[in-house]
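Listing of my_file_21.cif, mmCIF, C-alpha atoms and all ligand atoms
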data_target
#
loop_
_atom_site.label_atom_id
_atom_site.label_comp_id
_atom_site.auth_asym_id
_atom_site.auth_seq_id
_atom_site.Cartn_x
_atom_site.Cartn_y
_atom_site.Cartn_z
CA MET D 1 13.30 22.55 18.85
CA LYS D 2 11.05 19.88 17.38
CA VAL D 3 12.55 16.67 16.03
CA ALA D 4 10.71 13.77 14.42
CA VAL D 5 12.09 10.24 14.47
CA LEU D 6 11.22 8.17 11.41
CA SER D 7 11.89 4.72 10.08
CA GLY D 8 10.73 2.84 7.02
CA LYS D 9 9.46 -0.06 9.07
CA GLY D 10 8.61 -0.77 12.69
CA GLY D 11 11.03 -2.57 14.99
CA THR D 12 14.21 -0.83 13.83
CA GLY D 13 14.82 1.08 17.03
CA LYS D 14 12.70 4.12 16.21
CA THR D 15 10.96 4.20 19.58
CA PHE D 16 14.25 3.31 21.32
CA ALA D 17 15.92 6.35 19.74
CA ALA D 18 12.97 8.68 20.28
CA THR D 19 12.44 7.82 23.96
CA ASN D 20 16.14 8.06 24.77
CA LEU D 21 16.60 11.35 22.96
CA ALA D 22 13.65 12.87 24.81
CA ALA D 23 14.94 11.52 28.13
CA SER D 24 18.45 12.87 27.47
CA ALA D 25 17.20 16.45 27.09
CA ASP D 26 16.47 18.58 30.16
CA ASN D 27 12.71 18.77 30.59
CA GLY D 28 12.28 17.14 27.19
CA VAL D 29 8.95 16.31 25.59
CA TYR D 30 8.19 12.94 24.03
CA VAL D 31 5.21 12.71 21.67
CA ASP D 32 4.11 9.25 20.56
CA CYS D 33 2.54 9.82 17.13
CA ASP D 34 2.76 6.11 16.27
CA VAL D 35 -0.86 5.94 17.34
CA GLU D 36 -1.55 2.49 15.90
CA GLU D 37 1.17 0.95 18.03
CA PRO D 38 2.17 3.43 20.70
CA ASN D 39 5.02 1.86 22.68
CA GLY D 40 6.83 4.83 24.18
CA HIS D 41 4.68 4.83 27.31
CA LEU D 42 5.79 1.26 28.04
CA PHE D 43 9.32 2.60 28.58
CA PHE D 44 8.48 5.91 30.21
CA LYS D 45 5.63 4.57 32.36
CA PRO D 46 4.40 8.13 32.87
CA GLN D 47 2.14 9.26 35.68
CA VAL D 48 -0.89 10.09 33.58
CA GLU D 49 -2.51 13.33 34.66
CA TYR D 50 -4.88 13.97 31.75
CA THR D 51 -6.74 11.95 29.14
CA GLU D 52 -9.14 13.06 26.46
CA SER D 53 -11.19 11.10 23.96
CA VAL D 54 -10.73 12.02 20.30
CA GLY D 55 -13.65 11.71 17.95
CA VAL D 56 -14.77 12.44 14.42
CA LEU D 57 -18.18 13.37 13.01
CA VAL D 58 -20.12 10.65 11.24
CA PRO D 59 -23.66 10.64 9.85
CA GLN D 60 -26.54 8.95 11.61
CA VAL D 61 -29.83 8.23 9.91
CA ASP D 62 -33.36 8.70 11.12
CA PRO D 63 -35.12 5.79 9.37
CA GLN D 64 -38.49 7.53 9.76
CA LYS D 65 -37.34 10.41 7.59
CA CYS D 66 -35.31 8.46 5.03
CA SER D 67 -37.11 8.19 1.69
CA GLY D 68 -34.61 5.76 0.20
CA CYS D 69 -33.58 8.16 -2.57
CA ARG D 70 -29.92 7.07 -2.16
CA LYS D 71 -28.47 10.46 -2.98
CA CYS D 72 -26.15 10.02 -0.02
CA VAL D 73 -24.96 6.58 -1.18
CA GLU D 74 -24.12 7.90 -4.63
CA PHE D 75 -22.38 10.91 -3.17
CA CYS D 76 -20.09 9.14 -0.72
CA LYS D 77 -16.72 8.63 -2.38
CA PHE D 78 -15.53 6.40 0.40
CA ASN D 79 -18.38 3.90 0.11
CA ALA D 80 -19.21 4.31 3.74
CA LEU D 81 -22.93 4.13 2.94
CA ALA D 82 -25.03 1.37 1.41
CA TYR D 83 -28.73 0.91 0.92
CA ALA D 84 -30.14 -2.59 1.25
CA ALA D 85 -33.49 -4.01 2.28
CA HIS D 86 -35.02 -0.53 2.67
CA THR D 87 -32.38 0.51 5.19
CA LEU D 88 -29.51 2.93 4.96
CA MET D 89 -26.37 1.32 6.37
CA VAL D 90 -23.56 3.51 7.68
CA PHE D 91 -20.05 2.03 7.92
CA GLU D 92 -18.65 4.49 10.39
CA GLU D 93 -15.05 3.28 10.20
CA MET D 94 -14.99 4.04 6.48
CA CYS D 95 -16.42 7.53 6.82
CA HIS D 96 -13.93 10.36 6.24
CA SER D 97 -16.17 12.93 7.92
CA CYS D 98 -16.59 15.14 4.87
CA GLY D 99 -20.14 15.99 5.91
CA GLY D 100 -21.35 15.80 2.31
CA CYS D 101 -24.08 13.20 2.79
CA THR D 102 -25.79 15.25 5.48
CA LEU D 103 -25.81 18.25 3.17
CA MET D 104 -27.08 16.18 0.24
CA CYS D 105 -29.98 14.51 2.03
CA PRO D 106 -33.22 16.07 0.73
CA THR D 107 -35.36 14.88 3.64
CA GLY D 108 -33.15 15.83 6.57
CA ALA D 109 -32.84 12.19 7.59
CA LEU D 110 -29.11 12.52 8.22
CA THR D 111 -27.50 14.32 11.12
CA GLU D 112 -23.95 14.19 12.45
CA LYS D 113 -22.80 12.62 15.68
CA VAL D 114 -19.40 12.26 17.32
CA ARG D 115 -17.76 8.87 17.15
CA ALA D 116 -14.73 8.19 19.35
CA ILE D 117 -11.73 6.78 17.46
CA GLY D 118 -9.18 6.84 20.26
CA GLN D 119 -7.67 8.99 22.95
CA VAL D 120 -4.71 11.10 23.97
CA GLU D 121 -2.86 11.09 27.29
CA ARG D 122 -0.52 13.51 29.02
CA GLY D 123 1.78 12.57 31.86
CA TYR D 124 5.25 12.91 33.35
CA SER D 125 8.07 10.42 33.62
CA GLU D 126 10.75 12.06 35.80
CA ASP D 127 11.31 15.41 34.05
CA THR D 128 10.07 14.21 30.64
CA LEU D 129 6.61 15.25 29.50
CA VAL D 130 5.04 12.27 27.73
CA LEU D 131 2.18 12.77 25.26
CA SER D 132 0.70 9.60 23.78
CA GLY D 133 -2.02 8.95 21.25
CA PHE D 134 -3.98 5.71 21.02
CA LEU D 135 -6.01 4.79 17.96
CA ASN D 136 -8.72 2.23 18.64
CA PRO D 137 -8.15 -1.11 16.88
CA GLY D 138 -9.78 -1.36 13.47
CA GLU D 139 -9.83 2.38 12.84
CA GLU D 140 -8.58 3.54 9.46
CA SER D 141 -6.90 6.85 10.14
CA GLY D 142 -4.92 8.15 13.09
CA VAL D 143 -4.64 11.64 11.63
CA PRO D 144 -7.21 13.28 13.97
CA ILE D 145 -5.37 11.87 17.00
CA ILE D 146 -2.01 13.14 15.77
CA GLN D 147 -3.55 16.57 15.13
CA LYS D 148 -4.81 16.60 18.71
CA LEU D 149 -1.39 15.55 20.07
CA LEU D 150 0.33 18.37 18.16
CA THR D 151 -1.90 20.95 19.87
CA MET D 152 -0.83 19.60 23.27
CA ILE D 153 2.88 20.30 22.78
CA PRO D 154 3.86 23.14 25.13
CA ASP D 155 5.10 26.27 23.43
CA ASN D 156 8.17 26.74 25.64
CA GLY D 157 10.96 25.79 23.25
CA ALA D 158 11.69 22.51 25.06
CA VAL D 159 13.38 19.77 23.07
CA THR D 160 10.41 17.88 21.64
CA VAL D 161 10.84 14.46 20.10
CA LEU D 162 8.02 13.11 17.95
CA ASP D 163 7.96 9.34 17.49
CA ALA D 164 6.47 9.08 13.98
CA PRO D 165 4.47 6.12 12.65
CA PRO D 166 6.61 3.74 10.54
CA GLY D 167 6.65 4.06 6.76
CA SER D 168 5.53 7.07 4.76
CA ALA D 169 1.73 7.15 5.19
CA CYS D 170 -0.20 10.39 5.57
CA THR D 171 0.08 10.07 9.35
CA VAL D 172 3.84 10.52 8.93
CA LEU D 173 3.33 13.67 6.86
CA GLU D 174 1.02 14.99 9.55
CA THR D 175 3.71 14.31 12.16
CA ILE D 176 6.63 15.97 10.38
CA GLN D 177 4.93 19.02 8.89
CA ASP D 178 6.07 21.42 11.62
CA VAL D 179 9.28 19.84 12.83
CA ASP D 180 12.71 21.46 12.53
CA TYR D 181 14.53 18.23 11.90
CA CYS D 182 13.96 14.60 10.98
CA ILE D 183 15.98 11.68 12.28
CA LEU D 184 15.97 8.58 10.14
CA VAL D 185 16.68 5.44 12.11
CA ALA D 186 18.06 2.42 10.26
CA GLU D 187 19.63 -0.90 11.08
CA PRO D 188 22.92 -1.70 9.30
CA THR D 189 21.55 -4.39 7.00
CA VAL D 190 20.43 -4.65 3.38
CA PHE D 191 16.81 -4.38 4.54
CA GLY D 192 17.84 -1.37 6.57
CA VAL D 193 18.88 0.35 3.34
CA HIS D 194 15.48 -0.33 1.75
CA ASN D 195 13.64 1.03 4.77
CA LEU D 196 15.91 4.04 4.97
CA ALA D 197 15.31 4.86 1.29
CA VAL D 198 11.54 5.09 1.98
CA VAL D 199 11.84 7.78 4.63
CA TYR D 200 14.79 9.48 2.95
CA GLU D 201 12.61 10.08 -0.10
CA LEU D 202 9.92 11.57 2.12
CA VAL D 203 12.15 14.04 3.96
CA THR D 204 13.82 15.21 0.78
CA LEU D 205 10.41 15.69 -0.81
CA PHE D 206 9.41 17.88 2.12
CA ARG D 207 12.82 19.53 2.23
CA LYS D 208 13.32 18.81 5.87
CA PRO D 209 16.80 18.89 7.36
CA TYR D 210 17.57 15.32 8.36
CA GLY D 211 20.22 13.03 9.73
CA VAL D 212 20.60 9.26 9.91
CA ILE D 213 21.08 7.28 13.10
CA ILE D 214 22.38 3.76 12.67
CA ASN D 215 21.03 1.46 15.35
CA LYS D 216 22.75 -1.79 16.40
CA TYR D 217 25.99 -0.48 14.99
CA LEU D 218 28.93 -2.92 14.96
CA SER D 219 31.42 -1.58 12.44
CA GLN D 220 31.52 0.93 9.64
CA ASP D 221 31.62 -1.89 7.15
CA ASN D 222 27.85 -2.20 6.65
CA PRO D 223 25.32 -1.59 3.83
CA VAL D 224 23.74 1.49 5.45
CA THR D 225 27.02 3.34 5.94
CA GLU D 226 27.92 2.46 2.37
CA PHE D 227 24.55 3.71 1.06
CA CYS D 228 24.83 6.93 3.05
CA SER D 229 28.30 7.75 1.80
CA LYS D 230 27.38 6.94 -1.77
CA SER D 231 24.15 8.97 -1.74
CA ARG D 232 25.61 11.64 0.54
CA LEU D 233 23.26 11.14 3.45
CA ASN D 234 24.28 12.76 6.65
CA ILE D 235 24.95 10.28 9.49
CA ILE D 236 24.59 11.99 12.86
CA GLY D 237 25.09 9.10 15.20
CA SER D 238 25.44 5.39 15.71
CA ILE D 239 24.09 3.42 18.61
CA PRO D 240 26.41 0.57 19.47
CA PHE D 241 24.95 -2.87 19.93
CA GLU D 242 25.54 -4.53 23.28
CA GLN D 243 24.08 -7.60 24.88
CA GLU D 244 23.15 -5.72 28.01
CA LEU D 245 21.05 -3.31 25.98
CA GLY D 246 18.71 -6.06 24.84
CA LYS D 247 18.01 -7.01 28.45
CA LYS D 248 17.34 -3.42 29.49
CA LEU D 249 14.96 -2.95 26.57
CA ALA D 250 13.15 -6.17 27.43
CA ASP D 251 12.72 -4.84 30.96
CA GLY D 252 11.13 -1.72 29.51
CA VAL D 253 13.54 0.90 30.82
CA VAL D 254 14.80 4.07 29.19
CA VAL D 255 18.44 3.03 28.83
CA ALA D 256 19.97 6.53 28.79
CA ARG D 257 18.65 7.05 32.32
CA HIS D 258 20.61 4.08 33.66
CA ASN D 259 23.70 3.89 31.53
CA GLY D 260 26.06 6.85 31.25
CA ARG D 261 27.61 5.69 27.98
CA TYR D 262 24.26 5.58 26.21
CA GLU D 263 23.27 8.87 27.76
CA ARG D 264 26.38 10.46 26.24
CA VAL D 265 25.60 8.95 22.81
CA PHE D 266 22.14 10.50 22.82
CA LYS D 267 23.24 13.82 24.26
CA GLU D 268 25.85 14.12 21.53
CA ILE D 269 23.22 13.43 18.89
CA LEU D 270 20.99 16.13 20.38
CA ASP D 271 23.88 18.63 20.38
CA ARG D 272 24.62 17.86 16.80
CA ILE D 273 20.98 18.32 15.77
CA ASP D 274 20.89 21.57 17.67
CA GLU D 275 23.85 22.86 15.67
CA GLU D 276 22.42 21.69 12.38
CA VAL D 277 19.02 23.23 13.08
CA ALA D 278 20.66 26.52 14.05
CA SER D 279 22.77 26.58 10.89
CA SER D 280 19.85 25.57 8.67
CA HIS D 281 17.82 28.43 10.16
CA GLU D 282 20.68 30.79 9.39
CA ALA D 283 20.95 29.51 5.87
CA GLY D 284 17.20 29.80 5.43
CA ALA D 285 14.79 26.92 5.64
CA GLY D 286 14.50 24.51 2.77
CA ILE D 287 17.95 24.99 1.29
CA LYS D 288 19.46 21.92 2.82
CA ARG D 289 18.38 18.89 0.86
CA MET M 1 -33.91 -24.28 -1.47
CA ASP M 2 -35.05 -20.87 -0.39
CA GLU M 3 -37.21 -20.60 2.67
CA GLU M 4 -40.09 -19.37 0.50
CA GLY M 5 -39.81 -22.52 -1.58
CA ILE M 6 -39.78 -20.69 -4.88
CA GLY M 7 -36.15 -21.59 -5.48
CA LEU M 8 -33.25 -19.33 -6.24
CA MET M 9 -33.67 -16.59 -8.74
CA LYS M 10 -30.33 -14.96 -9.42
CA ILE M 11 -26.77 -16.02 -8.75
CA ALA M 12 -23.73 -13.72 -8.92
CA ILE M 13 -20.06 -14.79 -9.22
CA PRO M 14 -16.97 -12.59 -9.46
CA THR M 15 -14.77 -13.30 -12.47
CA ALA M 16 -11.98 -11.76 -14.49
CA GLU M 17 -13.36 -12.78 -17.89
CA LYS M 18 -16.70 -12.60 -19.59
CA SER M 19 -17.02 -16.30 -20.36
CA MET M 20 -18.89 -19.17 -18.74
CA ASP M 21 -15.74 -21.26 -19.02
CA ALA M 22 -13.71 -18.71 -17.09
CA HIS M 23 -12.63 -19.44 -13.55
CA VAL M 24 -14.14 -17.83 -10.49
CA GLY M 25 -12.19 -14.66 -9.72
CA ASP M 26 -10.10 -14.68 -6.57
CA VAL M 27 -11.31 -11.32 -5.24
CA PHE M 28 -14.77 -9.91 -4.51
CA GLY M 29 -14.74 -6.12 -4.10
CA ARG M 30 -12.11 -5.54 -6.74
CA SER M 31 -13.40 -8.11 -9.19
CA PRO M 32 -13.58 -6.45 -12.62
CA VAL M 33 -16.72 -8.35 -13.66
CA PHE M 34 -19.60 -10.26 -12.09
CA LEU M 35 -21.56 -13.00 -13.81
CA ILE M 36 -25.26 -12.76 -13.05
CA TYR M 37 -27.18 -15.89 -13.87
CA ASP M 38 -30.95 -16.00 -13.86
CA ILE M 39 -32.21 -19.45 -12.91
CA GLU M 40 -35.72 -18.94 -14.17
CA SER M 41 -34.90 -17.68 -17.65
CA LYS M 42 -31.53 -19.49 -17.75
CA GLY M 43 -30.14 -16.26 -19.17
CA HIS M 44 -26.96 -14.64 -17.99
CA GLU M 45 -25.15 -11.34 -18.24
CA PHE M 46 -21.75 -10.01 -17.24
CA ILE M 47 -21.78 -6.72 -15.40
CA GLU M 48 -18.78 -4.48 -14.91
CA ASN M 49 -17.79 -3.40 -11.45
CA ASP M 50 -17.04 0.35 -11.12
CA ALA M 51 -15.93 -0.19 -7.54
CA LEU M 52 -12.68 -1.42 -9.00
CA HIS M 53 -11.53 2.14 -9.57
CA ARG M 54 -12.72 3.65 -6.32
CA PRO M 55 -10.15 4.54 -3.67
CA GLY M 56 -11.55 2.52 -0.78
CA GLY M 57 -14.52 0.47 0.28
CA ALA M 58 -14.69 -1.46 -2.98
CA GLY M 59 -16.34 -4.36 -1.17
CA VAL M 60 -19.30 -2.30 0.03
CA GLN M 61 -19.85 -0.83 -3.40
CA ALA M 62 -19.61 -4.18 -5.14
CA ALA M 63 -22.12 -5.56 -2.63
CA GLN M 64 -24.40 -2.59 -3.36
CA LEU M 65 -24.14 -3.36 -7.07
CA LEU M 66 -25.30 -6.95 -6.49
CA VAL M 67 -28.07 -5.84 -4.14
CA ASP M 68 -29.26 -3.45 -6.86
CA HIS M 69 -29.27 -6.31 -9.36
CA LYS M 70 -31.48 -8.20 -6.95
CA VAL M 71 -29.30 -11.27 -6.74
CA ASP M 72 -30.18 -13.98 -4.22
CA VAL M 73 -26.90 -15.88 -3.98
CA VAL M 74 -23.28 -14.86 -4.33
CA ILE M 75 -20.61 -17.49 -4.96
CA THR M 76 -17.16 -16.21 -4.06
CA PRO M 77 -13.87 -17.44 -2.60
CA GLN M 78 -13.84 -14.52 -0.14
CA CYS M 79 -15.75 -11.42 0.84
CA GLY M 80 -14.88 -8.61 3.24
CA GLU M 81 -16.83 -8.21 6.46
CA LYS M 82 -18.58 -5.00 5.48
CA ALA M 83 -19.57 -6.32 2.09
CA GLN M 84 -20.97 -9.40 3.83
CA GLU M 85 -22.96 -7.18 6.12
CA VAL M 86 -24.57 -5.43 3.15
CA LEU M 87 -25.29 -8.72 1.37
CA ARG M 88 -26.73 -10.33 4.49
CA ARG M 89 -28.91 -7.31 5.20
CA ALA M 90 -30.43 -7.85 1.77
CA GLU M 91 -30.82 -11.54 2.65
CA ILE M 92 -28.38 -12.63 0.00
CA ARG M 93 -26.81 -16.01 0.67
CA ILE M 94 -23.00 -16.11 0.38
CA CYS M 95 -21.54 -19.44 -0.76
CA ARG M 96 -17.92 -20.47 -0.91
CA SER M 97 -16.79 -21.08 -4.49
CA ILE M 98 -15.09 -24.33 -5.53
CA GLU M 99 -12.37 -25.11 -8.06
CA GLY M 100 -13.40 -24.92 -11.69
CA SER M 101 -15.32 -22.76 -14.11
CA LEU M 102 -18.28 -20.46 -13.54
CA GLN M 103 -20.45 -23.07 -15.21
CA HIS M 104 -19.20 -25.73 -12.81
CA ASN M 105 -19.91 -23.50 -9.79
CA LEU M 106 -23.40 -22.67 -11.03
CA GLN M 107 -24.15 -26.36 -11.44
CA ALA M 108 -22.83 -27.13 -7.96
CA CYS M 109 -24.99 -24.36 -6.55
CA LEU M 110 -28.10 -25.62 -8.30
CA ASN M 111 -27.39 -29.08 -6.91
CA ASP M 112 -27.00 -27.55 -3.46
CA LYS M 113 -23.38 -28.73 -3.24
CA LEU M 114 -21.90 -25.46 -1.99
CA THR M 115 -21.26 -24.49 1.60
CA ASP M 116 -21.82 -21.08 3.17
CA LEU M 117 -18.83 -18.75 3.37
CA GLU M 118 -18.03 -18.19 7.01
CA GLY M 119 -16.12 -15.33 8.55
CA GLY M 120 -14.28 -12.49 6.89
CA LYS M 121 -11.56 -12.26 4.30
CA GLN M 122 -9.29 -14.98 2.99
S1 LIG U 1 -30.14 11.02 1.04
FE1 LIG U 1 -31.39 11.02 2.91
S2 LIG U 1 -33.37 10.28 2.25
FE2 LIG U 1 -31.96 9.80 0.61
S3 LIG U 1 -31.30 7.69 1.11
FE3 LIG U 1 -29.82 9.06 2.05
S4 LIG U 1 -30.59 9.33 4.13
FE4 LIG U 1 -32.26 8.50 2.94
S1 LIG U 2 -19.60 12.24 5.83
FE1 LIG U 2 -18.68 12.03 3.79
S2 LIG U 2 -17.41 10.22 4.00
FE2 LIG U 2 -18.81 10.17 5.72
S3 LIG U 2 -20.51 8.94 5.02
FE3 LIG U 2 -21.02 11.07 4.58
S4 LIG U 2 -20.37 11.37 2.46
FE4 LIG U 2 -19.36 9.52 3.20
#

In structure tokens, how does this file's structure come out?
Amino acid sequence: MKVAVLSGKGGTGKTFAATNLAASADNGVYVDCDVEEPNGHLFFKPQVEYTESVGVLVPQVDPQKCSGCRKCVEFCKFNALAYAAHTLMVFEEMCHSCGGCTLMCPTGALTEKVRAIGQVERGYSEDTLVLSGFLNPGEESGVPIIQKLLTMIPDNGAVTVLDAPPGSACTVLETIQDVDYCILVAEPTVFGVHNLAVVYELVTLFRKPYGVIINKYLSQDNPVTEFCSKSRLNIIGSIPFEQELGKKLADGVVVARHNGRYERVFKEILDRIDEEVASSHEAGAGIKR
Amino acid sequence: MDEEGIGLMKIAIPTAEKSMDAHVGDVFGRSPVFLIYDIESKGHEFIENDALHRPGGAGVQAAQLLVDHKVDVVITPQCGEKAQEVLRRAEIRICRSIEGSLQHNLQACLNDKLTDLEGGKQ
């Protein structure tokens, strides 16, 4: 079973929920797809056993062969190329690796080379397999790193929790495309409702089964619960707010491993998702909206 | 003013309106229009910026546009790093704009009253 954890904005407890869910499953898998700000490894502190650099193809120019015709500059829709003072300039970070300029070049001055944009890591933290992606600072798109991470997920049916990037960018779409279920994490505030609406729209658009987890839950009298009951969103769990929790999080520990009450909360959420995924498979994918 | 001593030839300024009394625009890459002023002939023209409608990298394309118009100085409140790289490669000087109209900024430039734009955006 593959589950993605989403939130409209960072800092709402998305990584908290994702790490604890993965840790609460037996031999669970945690995949940190929030490659711009991967934080899961700070809690899991995995023993890293494998790392691999992830790269994309970008053009490089041989100035000797370049005639200055600028066909490549005109072709590039992403404005990754410019021609000034008799030199072709390549802005590698803006290149989307379409390969078009190399094909267009009439003199063969352009060839492709690999440019590293980040890396992936695999390691264990107790019985949890931890896969993390790291996008180098200043890079535009983490999609190639997420694609690489997805290929590293073992095909053994283990409970796999994907920590999605915040918001609804294309990296989030990449993350959720193959999952069985999406968890939407929200804080019980007015802002929480706004952020929830962003990801709710996304999962309904993609017809993914989903459920809401309310983080820092104090009482049922809150804007998120109200929004969910009005718009008929399915709430699958609430994580109570306690002082002690803040301290544990600050110390960078996976709370469910040290606190039986929290472990039960997350295990119950997993059980519930398991049931919902099973029934949505029975009913046929895509019917539940 | 220029190291060759022949003086400046062409000055470009981003703006939202095609009028010398208009204010300097507050963006570079996504500026709808650029004023190009020719010091020698004292003539000027307003050129439209297609980069405005491109998905990304508007700054680089706007810089390319000015390079292609062979400008020597750009007066702007801000300019992205990559656009600056293109302009600097073509040895175009980038000056920080001041309050007031295009006309006022041109005059200040001709009187060498403008400072160089340092650093990236904002
Ligand atoms: S298409 Fe080839 S020859 Fe023409 S400017 Fe680009 S690199 Fe140079
Ligand atoms: S590969 Fe595509 S995106 Fe990259 S510089 Fe060439 S034309 Fe532009």

Contacts of Gly80 of chain M at 12 Å (only C-alpha atoms; same-chain gap of 6+ positions) as a list in words
Val27, Phe28, Gly29, Arg30, Gly57, Ala58, Gly59, Val60, Gln61, Ala62, Ala63, Val86, Leu87, Ile94, Leu117, Glu118, Gly119, Gly120, Lys121 and Gln122 of chain M

All residues having an atom within 9 Å of ligand LIG 1 (chain U) (all atoms listed in the file) as a PyMOL selection string
chain D and resi 60-63+65-75+81-83+87-88+101-110

Please return the centre and edge lengths, in Å to one decimal, of a box with edges along x, y and z that contains all listed atoms of ligand LIG 2 (chain U), widened by 6 Å on every side, as lines of an AutoDock Vina configuration file.
center_x = -19.2
center_y = 10.6
center_z = 4.1
size_x = 15.6
size_y = 15.3
size_z = 15.4

Find the spatial neighbours of Ala90 of chain M, counting only C-alpha atoms, within a cut-off of 12 Å - ignore same-chain residues fewer than 3 positions away - and output them as number ranges by chain.
D: 82-89; M: 63-74, 83-87, 93-94

List every residue of chain D that has an atom at most 8 Å from any atom of ligand LIG 2 (chain U), giving for each one its closest atom pair and the distance in Å to one decimal, counting only C-alpha atoms and all ligand atoms, sorted by chain and then by ascending residue number, as a tab-separated table.
residue	atom	partner	partner_atom	distance
D:Leu57	CA	U:LIG2	S1	7.4
D:Val58	CA	U:LIG2	S1	5.7
D:Pro59	CA	U:LIG2	FE3	5.9
D:Cys72	CA	U:LIG2	S4	6.4
D:Val73	CA	U:LIG2	S4	7.6
D:Phe75	CA	U:LIG2	S4	6.0
D:Cys76	CA	U:LIG2	S4	3.9
D:Lys77	CA	U:LIG2	FE4	6.2
D:Phe78	CA	U:LIG2	S2	5.6
D:Asn79	CA	U:LIG2	FE4	6.5
D:Ala80	CA	U:LIG2	S3	5.0
D:Leu81	CA	U:LIG2	S3	5.8
D:Val90	CA	U:LIG2	S3	6.8
D:Phe91	CA	U:LIG2	S3	7.5
D:Glu92	CA	U:LIG2	S3	7.2
D:Met94	CA	U:LIG2	S2	7.1
D:Cys95	CA	U:LIG2	FE2	3.7
D:His96	CA	U:LIG2	S2	4.1
D:Ser97	CA	U:LIG2	S1	4.1
D:Cys98	CA	U:LIG2	FE1	3.9
D:Gly99	CA	U:LIG2	S1	3.8
D:Gly100	CA	U:LIG2	S4	4.5
D:Cys101	CA	U:LIG2	FE3	4.1
D:Thr102	CA	U:LIG2	FE3	6.4

Which is closest to chain D among M:Lys82, M:Arg96, M:Lys113, M:His104, if we use only C-alpha atoms?
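The shortest atom-to-atom distance to chain D comes from M:Lys82.
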